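What follows is a short report on a single structure.
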Amino acid sequence: MAAMAKVVARQRAEMDRLREQAATAAVLERAKGVLMAQTGCTPEAAGEELLRRAKAGNRTLLEECWITFGALVPPLPGIAPESATGEDSTGTGPGKERDSSGPSEERDSSGPSDERFSAGPDDGFTALGRLGKALVHAATPHDLARCLLEELTADVDADALMLFRTLPAGGLELIGHAGVDDTLAGQWAKVPPLKGIVPLEALRAREPRWLEDFAQDRKRHLLIGDPPERWLSRGWLPVPTEGAAEVCIGILRARGGPFSPAERQLLRAVARLCAGWLLSFGARQTPTPGAAAAAAQPVFDSLPGSAMLLTPLRGTDGVVSDYRIDAATEDAVDVLGRTGRQLVGRRVLECLPSMADEAVWHGCLRTLTTGEPFEGEPFAHQAVVDGSAELSTYTVHAARLGDAVVLTWVRHDSSDRQEQRLADVQRLGQLGWANWNLVTDEGSWSSQTFLVMGRDPALGPVRLADLPGLAVPEDAPLLTRAVEQLVRTGSQFDLPFRIRSGNEIRHLRMVAEVVRDSEHQPVEVHGFVQDLTAQRSAELALVESERAILTQDGVLHAERALAARLQHALLPLPTRPVTLAGLRVEVAYLPAQSGIHVGGDWFSAIELPDGEALFVVGDVAGHGIDAVATMAQLRFTAKGMVITGSSLTGALARLNTLLLHSRGSHDSHATATMVLARYDPDEHCLVWAQAGHPPPLLVRGGEVRYLERPVGMLLGACAAPDFVEARCVLEPGDRVLLYTDGLVERPSEGLDHGLDRLAAAVAAHDSREPGSLLPLLTAVLEGERRDDVCVVDIRVPDAPR
């Protein structure tokens, strides 16, 4: 297999080489033919002359071929003509033309001093050499545009390229583009002869236009782009042709600033190469309709509907690149509203871009190759019918006619559409219609009714009198009475019932009415049956879900009430400020406003036997009874450890061990944060340690700052964390705030933002009066509280005066 793959790869490479050689040889032979027609020389002499000219002009052989094609017409003003031998008048190459580009602000400032195209192996000629070779493979103007952009991107910083051609009635049409999205190309596909259109000005003057000052250019011209700022500099160069110039090349660049003299000269040389392509290769790719096509148009004039006769246009590789419209019916309309004979001679991809759809395009190619007709999938299209817009369904058909394709659009009849819509309604609504003739005792059901009723269509519909026999025994009597009442009195019924289909029970709904004759006698019953099984199942599931929610809600509210009672018993709140070790202490606890669970925030503020004061603020992760239980365990254990002589860091380490070893199966990931602080009134020193908790806030002399946190990891995170004590000597009038994270955290912002907000609020509400903590919390806690908040406000008395 590997050997075979290598053989196939070599063969493919050889085929590519042969195709390249054939395409290059075709261009070379055509250029030799031009010289033979001009001078009457032999083919050998023509080939030698092309080589000599290429060497003299420092050009590649293919580049010289394209210039030879372009030399069949007089060059544009501002381009130095070549001598009879093909050499430039300056003797330096294709880039040494003069520039007389019109208005002074748009004139090329380049001169003979530019050295870009002086002799040298890589002095700009490589770009033209590559372009000359690439033009061999360009089969359409779009190919030409893509080829130019690929070759010019590196040399002139081109970001997009557009090719415009003049229309007989004036204005321009876009025949090729690259680097431009299809929406923008569609907007500029046809350009009326308006003032300020730069490519029109360049074509009329037959001189290049350079737009290099965007602010001024947008005032004088209608610039292409959405927005125009997409391209800050542009160059428009007419392609030299016989008589008036017909094609203009637009170079669009994202960067601003002028085109350098070397870039201008390169682009003029590129325009000359394109002139040769358009005259030789491009003209051959746009054949005109023949006699057979002309004879077909009268036939198409008499045909109803939308139809076109399409002749394939092939590239050098034989692949169909587009189709030419050689005949069209009057009902055939393109995207611009042109109809019938107005479409003849135009390209399909120009008139009907949707033909590029993969299915339709490949379907037409198969028809051309095999002769088998093609029918596409139905599609919706809004068309004008009798003067009003109507959304209709169409199908594309293609059939081969000689070497051409007849393409038709078949519009579906309204009755077909109505029938399809009725079938769609029945299928989407899970319903079907049913009729019974009371005279013949025969019935008729739609196919969807058989599906809804779970009945084999081969058995046919059941008689009206036998309909209740399909229901489950519990619902049959009710359905029997409804049918009898319908036939006897003509009373319409709307009744739910159940049937058994296989191993499942289906919930159905039936609506029926009587149709009477001229003598007011019932003759027919019309009705429909709908499958409500999915809806009924959803209703039952919803009822069960509501019951489960109500039960769970009751359980959660009971748990909250219990947890709240436990918390109140375990964490009594003082009703007024207290004095501990000479400090005034005020405490606030605010439960969360959202949710039904009680949190695990707590505090302790006690005076120790030695006269010092102990302050603790903590927060257990989670909510509910488990969090309250863990809170109580940590709160009482922490006080006990410190009272019995444990250091702050030692207490934190033991609390961490306690939390790790007291985890149950229901709470395997419990963690907590905590601040422990001990105040010595003799030394006026506050010693504190923390375990993953926000830092205390110090207010001194009107200035607010956070104490620098010592090392300390949250409790329950690892087996052997490190804890370090920190010291802060308090001065008269100082204020220290210990708090839980519910005071500063918000779901939509970072913690730093919350800390800054708290500091600003404390600075604004720093009152010495008792009860000043509540206004501070009101200012900080705006909106709904999603977490519990616990605050311990410690104040050092002012110095006596």
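Labels used: A, B, ... for chains in the order of the structure tokens, numbers from 1 for residues in each chain, and numbers from 1 for ligands as shown.
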
Just asking: which residues within segment 460-675 of chain A are strand (DSSP E) according to DSSP, as a ChimeraX atom specification?
-> /A:493-501,504-516,522-531,578-580,583-590,599-607,613-623,672-675

Find the spatial neighbours of Val360 of chain A, counting only C-alpha atoms, within a cut-off of 12 Å - ignore same-chain residues fewer than 2 positions away - and output them as JSON, numbers by chain.
-> {"A": [352, 353, 354, 355, 356, 357, 358, 362, 363, 364, 365, 366, 367, 373, 374, 375, 376, 377, 378, 379, 395, 396, 397, 398, 407, 408, 409]}

Using only C-alpha atoms, determine which residues lie at most 12 Å from Ala760 of chain A, disregarding the query and same-chain residues fewer than 3 positions distant; provide the list as a list in words.
-> Leu697, Val699, Gly702, Glu703, Val704, Arg705, Tyr706, Val744, His753, Gly754, Leu755, Asp756, Arg757, Ala763, Ala764, His765, Asp766, Leu776, Ala779 and Val780 of chain A

Could you write out the selected residues, including C-alpha atoms, as a tab-separated table (two decimals), in the first residue's frame?
```tsv
chain	number	residue	atom	x	y	z
A	697	LEU	CA	-9.82	47.52	60.08
A	699	VAL	CA	-9.28	53.80	62.42
A	702	GLY	CA	-9.46	59.97	61.06
A	703	GLU	CA	-7.34	57.71	58.86
A	704	VAL	CA	-8.56	54.24	57.91
A	705	ARG	CA	-6.30	51.31	57.09
A	706	TYR	CA	-6.32	47.50	57.21
A	744	VAL	CA	-17.48	43.05	51.98
A	753	HIS	CA	-13.52	46.51	45.80
A	754	GLY	CA	-15.56	45.45	48.84
A	755	LEU	CA	-12.72	46.27	51.23
A	756	ASP	CA	-12.35	49.73	49.67
A	757	ARG	CA	-16.10	50.31	50.00
A	763	ALA	CA	-14.30	57.06	57.20
A	764	ALA	CA	-17.62	58.74	56.43
A	765	HIS	CA	-19.47	57.36	59.51
A	766	ASP	CA	-16.75	57.47	62.20
A	776	LEU	CA	-22.43	52.23	59.13
A	779	ALA	CA	-24.39	52.43	54.25
A	780	VAL	CA	-22.21	49.42	53.40
```

Selected residue of minimal separation from Leu149 of chain A among A:Arg427, A:Arg253, A:Arg338, A:Lys190, counting only C-alpha atoms |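 Between A:Arg427, A:Arg253, A:Arg338, A:Lys190, the residue approaching Leu149 of chain A most closely is A:Arg253.
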
Shortest interatomic distance to Asp226 of chain A - which of A:Cys351, A:Val180, A:Ala651, A:Val789, counting only C-alpha atoms |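 Closest to Asp226 of chain A of all the choices is A:Val180.
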